[in-house]
Amino acid sequence: MSYKGRVSCNNRVSKEDQEFYALKHKAADYYKSNGVPQKIECILNDMFYEQPDDVYGYLTSGSAVISSHSEDLNNTSQDPSDETNISTDTRRDSVNAALHWIHESLSTILKGSDPCNQTAVDQILSDFYMARFSEYQDIQNRETEIQPPGTPVPEPPPSAPHSKDKKGGDKGKKGNSTEKPVPRPEPSELVLPGSMAIGSVSLAVAKTGSLVKGVPLYKYIRAMSNQQPCPKETHIPVPLATLLSCGKLSPGKLNLLEEVIVIPKAGQSVKQVITMVLELEKEITKIMNRTSKTGPILTSVSDSGALVVGYECPEQPLDLITEAANTLGLGLGKDIHLALNCAAHDLMDYPKGKYEVISGTPKTPDELVDIYAALISKYPAVVALIDPLRKEDVEQWERLSNVVGASCSLLSEISSKPKVRSSHEDAPSLPGVKGHILNQTNVNTVTDFIRVTTEHKGAVIIGTTCGEPCSDDSLSDMVVGLGVGYVKLGGLRRGERLTKYNRLISIEEELAQQGILDSRQQHTSPLFVGETDAVIDVID
């Protein structure tokens, strides 16, 4: 509620107080619009790791670095903050629509429902969503039908041109004069405003049910997923932590590595994993500051909670991690492995028909396969590639699988479509793909999670969404209750991420105190590499 709402409820508030509240409101908007809280947070995080003697001098130098970076951004054609602002506005609208659904409809429909009958409640929620989805589609269709004649219809992204690059980029290359046209992308999935009410209410009902039963949420979900009393022992999923981000919004030319993810050796406690990742981050920061020619580097933090670093080629961040691991005595490829989230679907330049892997150096799908092959050969610790290609590039998926499939798992991101609830039906048929990342969309209910993990028993990873502002820690209870082998919670530099890690630690300690913690190594191979026909579903 804004200050205006509070003032209207108390007519004794003085004019001076009202003006003071208005001034605070304007100041907050000003700081948020310029990204001040996030930038100050970055300075404080780096200062904590550096532990400088001159604290205020460090703050001053950090502010100077921010100022110089701001000037560089003003000289570029794209401001990364624009995308953040759009995302914030979209989420605000979605939250308001979800609240409307809850207050106007769902609270009445679910009145009198048994909170311990999760399946029945989730069915009501799913039916409600499908009805809203059909209504939304009807409205969209009617608007299309009454569209006045002569209205321009947006064309899909053009396919790759057949002519050579005017700058001579194809000179000296044989066989590129008749490049294959790039397949057009499938239409983006419709996200219905208000849909987050479905997953939120489903989780709230599960929490209520656990309170009624007088058990922790993870034990409550465990009992539901097994349809029997909880097993004698419960294991904690192996946490996968995002270490670096070198994606499109990073300051360097490299766009390819949206996330570099650490896969710890199974059998370690959550505390041990977190300590190891924090030590890696600290060592990486030291190396970057030591090798920098312009003084200490002010690193920013991505939505996933990872360090944002700018580089010119994909080998550089991997070399950085290799050096940090060697310094700490960690065996890269033994103690830890790596997964690369490439997010290639966001890198396609359709007018050129190529992937903008590195700014100014576009690559064809076949050339991108060659890049991956070279990376896996040079860095055998990389055991998983997430979305290395668009799902339309079927031929290149098959070729990539033939080249690296024996030592590296290929994972494809999918999302639950409103009309098709089964993950089997949603999964695209891509050759060589050993697993799928099922996005944790707003319409996923607790029952959906239980069904997916039951269908792919022992081969499921669950994770959080990028940019998630909520600090709720229920996901940690859910992954333990579902008995999954891995969980992807992002990096260790944002509060909404740390709450989930902390909850995972608390559950682990609770299980250990009760003598029911299963600490056995759940997977002999990192991320199912080498396991026979394993199907991995990552709910991200």
# chains A, B, ... in the order shown; residues from 1 in each chain; ligands from 1

call {"tool": "select_by_dssp", "arguments": {"residues": "region 268-384 of chain A", "states": "helix (DSSP H, G or I)", "output": "mmCIF file with C-alpha atoms, in the first residue's frame"}}
result
data_model
loop_
_atom_site.group_PDB
_atom_site.id
_atom_site.type_symbol
_atom_site.label_atom_id
_atom_site.label_comp_id
_atom_site.auth_asym_id
_atom_site.auth_seq_id
_atom_site.Cartn_x
_atom_site.Cartn_y
_atom_site.Cartn_z
ATOM 1 C CA VAL A 270 24.977 -28.460 1.296
ATOM 2 C CA LYS A 271 27.252 -26.434 3.572
ATOM 3 C CA GLN A 272 30.323 -27.984 1.971
ATOM 4 C CA VAL A 273 29.042 -27.150 -1.507
ATOM 5 C CA ILE A 274 28.226 -23.558 -0.579
ATOM 6 C CA THR A 275 31.620 -23.089 1.095
ATOM 7 C CA MET A 276 33.377 -24.450 -1.982
ATOM 8 C CA VAL A 277 31.451 -22.182 -4.377
ATOM 9 C CA LEU A 278 32.058 -19.131 -2.184
ATOM 10 C CA GLU A 279 35.779 -19.892 -2.154
ATOM 11 C CA LEU A 280 35.718 -20.211 -5.927
ATOM 12 C CA GLU A 281 33.965 -16.847 -6.250
ATOM 13 C CA LYS A 282 36.462 -15.202 -3.925
ATOM 14 C CA GLU A 283 39.424 -16.652 -5.816
ATOM 15 C CA ILE A 284 37.924 -15.654 -9.168
ATOM 16 C CA THR A 285 37.487 -12.075 -7.916
ATOM 17 C CA LYS A 286 41.103 -12.014 -6.743
ATOM 18 C CA ILE A 287 42.368 -13.245 -10.112
ATOM 19 C CA MET A 288 40.318 -10.689 -12.045
ATOM 20 C CA ASN A 289 41.512 -7.834 -9.823
ATOM 21 C CA ARG A 290 45.126 -9.008 -10.030
ATOM 22 C CA THR A 291 45.120 -9.223 -13.826
ATOM 23 C CA GLU A 315 37.559 -20.032 -23.446
ATOM 24 C CA GLN A 316 38.327 -17.071 -21.169
ATOM 25 C CA PRO A 317 35.753 -17.678 -18.394
ATOM 26 C CA LEU A 318 36.529 -21.411 -18.461
ATOM 27 C CA ASP A 319 40.254 -20.660 -18.137
ATOM 28 C CA LEU A 320 39.428 -18.341 -15.230
ATOM 29 C CA ILE A 321 37.516 -21.081 -13.401
ATOM 30 C CA THR A 322 40.283 -23.589 -14.157
ATOM 31 C CA GLU A 323 42.922 -21.289 -12.635
ATOM 32 C CA ALA A 324 40.786 -20.599 -9.546
ATOM 33 C CA ALA A 325 40.074 -24.311 -9.030
ATOM 34 C CA ASN A 326 43.759 -25.217 -9.365
ATOM 35 C CA THR A 327 44.735 -22.549 -6.853
ATOM 36 C CA LEU A 328 42.252 -23.958 -4.343
ATOM 37 C CA ALA A 344 21.159 -20.189 -27.970
ATOM 38 C CA HIS A 345 17.537 -19.424 -28.872
ATOM 39 C CA ASP A 346 18.180 -15.817 -27.767
ATOM 40 C CA PRO A 365 24.532 -23.504 -36.780
ATOM 41 C CA ASP A 366 27.218 -25.834 -38.141
ATOM 42 C CA GLU A 367 29.975 -23.461 -37.054
ATOM 43 C CA LEU A 368 28.431 -23.309 -33.584
ATOM 44 C CA VAL A 369 28.571 -27.109 -33.375
ATOM 45 C CA ASP A 370 32.284 -26.901 -34.169
ATOM 46 C CA ILE A 371 32.730 -24.383 -31.335
ATOM 47 C CA TYR A 372 31.073 -26.737 -28.856
ATOM 48 C CA ALA A 373 33.127 -29.683 -30.046
ATOM 49 C CA ALA A 374 36.341 -27.725 -29.507
ATOM 50 C CA LEU A 375 35.234 -26.557 -26.050
ATOM 51 C CA ILE A 376 34.306 -30.046 -24.836
ATOM 52 C CA SER A 377 37.573 -31.412 -26.185
ATOM 53 C CA LYS A 378 39.620 -28.711 -24.438
#

call {"tool": "residues_around", "arguments": {"residues": "Thr447 (chain A)", "least_positions_apart": "2", "cutoff": "7 Å", "atoms": "only C-alpha atoms", "output": "compact mmCIF listing (two decimals) with N, CA and C atoms, in the first residue's frame"}}
result
# COMPACT_ATOMS: atom_id res chain seq x y z
N THR A 119 -4.81 -33.06 -4.78
CA THR A 119 -5.16 -33.41 -6.17
C THR A 119 -6.46 -32.74 -6.60
N ASP A 122 -5.91 -28.93 -6.97
CA ASP A 122 -5.13 -28.60 -8.18
C ASP A 122 -5.94 -28.82 -9.45
N THR A 445 1.24 -26.72 -10.86
CA THR A 445 0.74 -26.97 -9.51
C THR A 445 1.63 -27.99 -8.82
N PHE A 449 4.17 -31.13 -10.36
CA PHE A 449 5.53 -31.50 -9.96
C PHE A 449 5.60 -32.98 -9.58
N ILE A 450 4.62 -33.43 -8.83
CA ILE A 450 4.61 -34.82 -8.39
C ILE A 450 4.50 -35.75 -9.59
N ARG A 451 3.64 -35.40 -10.55
CA ARG A 451 3.45 -36.27 -11.71
C ARG A 451 4.73 -36.38 -12.54

call {"tool": "select_by_dssp", "arguments": {"residues": "region 190-353 of chain A", "states": "strand (DSSP E)", "output": "NGL selection string"}}
result
:A and (238-246 or 257-264 or 300-301 or 307-308 or 336-341 or 348-349)

call {"tool": "closest_atom_pairs", "arguments": {"of": "region 257-350 of chain A", "to": "region 380-404 of chain A", "cutoff": "6 Å", "atoms": "only C-alpha atoms", "output": "tab-separated table"}}
result
residue	atom	partner	partner_atom	distance
A:Leu332	CA	A:Ala381	CA	6.0
A:Gly333	CA	A:Ala381	CA	4.2
A:His337	CA	A:Ala381	CA	4.9
A:Leu338	CA	A:Val382	CA	4.5
A:Ala339	CA	A:Ala384	CA	4.6
A:Leu340	CA	A:Leu385	CA	5.0
A:Asn341	CA	A:Ile386	CA	4.5
A:Cys342	CA	A:Pro388	CA	5.3
A:Ala343	CA	A:Asp387	CA	5.3
A:Ala344	CA	A:Leu389	CA	5.1
A:His345	CA	A:Arg390	CA	4.8

call {"tool": "write_last_selection", "arguments": {"atoms": "C-alpha atoms", "output": "mmCIF file, in the first residue's frame"}}
result
data_model
loop_
_atom_site.group_PDB
_atom_site.id
_atom_site.type_symbol
_atom_site.label_atom_id
_atom_site.label_comp_id
_atom_site.auth_asym_id
_atom_site.auth_seq_id
_atom_site.Cartn_x
_atom_site.Cartn_y
_atom_site.Cartn_z
ATOM 1 C CA LEU A 332 38.243 -29.802 -12.137
ATOM 2 C CA GLY A 333 36.658 -32.875 -13.656
ATOM 3 C CA HIS A 337 32.241 -30.465 -13.086
ATOM 4 C CA LEU A 338 30.631 -27.716 -15.149
ATOM 5 C CA ALA A 339 27.412 -27.202 -17.093
ATOM 6 C CA LEU A 340 26.976 -24.413 -19.646
ATOM 7 C CA ASN A 341 23.600 -22.788 -20.148
ATOM 8 C CA CYS A 342 24.012 -21.380 -23.668
ATOM 9 C CA ALA A 343 20.471 -20.009 -24.228
ATOM 10 C CA ALA A 344 21.159 -20.189 -27.970
ATOM 11 C CA HIS A 345 17.537 -19.424 -28.872
#

call {"tool": "atom_distance", "arguments": {"atom1": "CA of Pro251 (chain A)", "atom2": "CA of Ile40 (chain A)"}}
result
18.2 Å

call {"tool": "residues_around", "arguments": {"residues": "region 203-209 of chain A", "least_positions_apart": "5", "cutoff": "10 Å", "atoms": "only C-alpha atoms", "output": "ChimeraX atom specification"}}
result
/A:113-118,121-122,197-198,214-218,220-221,444-447,474-475,478

call {"tool": "residues_around", "arguments": {"residues": "Ile336 (chain A)", "least_positions_apart": "5", "cutoff": "6 Å", "atoms": "only C-alpha atoms", "output": "number ranges by chain"}}
result
A: 263-265

call {"tool": "residues_around", "arguments": {"residues": "Ile358 (chain A)", "least_positions_apart": "4", "cutoff": "6 Å", "atoms": "only C-alpha atoms", "output": "PyMOL selection string"}}
result
chain A and resi 253-255

call {"tool": "write_last_selection", "arguments": {"atoms": "N, CA, C and O atoms", "output": "tab-separated table (two decimals), in the first residue's frame"}}
result
chain	number	residue	atom	x	y	z
A	253	LYS	N	32.09	-8.89	-25.31
A	253	LYS	CA	31.53	-9.28	-26.60
A	253	LYS	C	30.91	-10.66	-26.57
A	253	LYS	O	30.06	-11.00	-27.40
A	254	LEU	N	31.33	-11.51	-25.61
A	254	LEU	CA	30.83	-12.87	-25.54
A	254	LEU	C	29.37	-12.88	-25.09
A	254	LEU	O	29.00	-12.29	-24.07
A	255	ASN	N	28.51	-13.57	-25.86
A	255	ASN	CA	27.08	-13.69	-25.55
A	255	ASN	C	26.66	-15.12	-25.21
A	255	ASN	O	25.56	-15.34	-24.73

call {"tool": "atom_distance", "arguments": {"atom1": "CA of Ala28 (chain A)", "atom2": "CA of Ser94 (chain A)"}}
result
21.9 Å
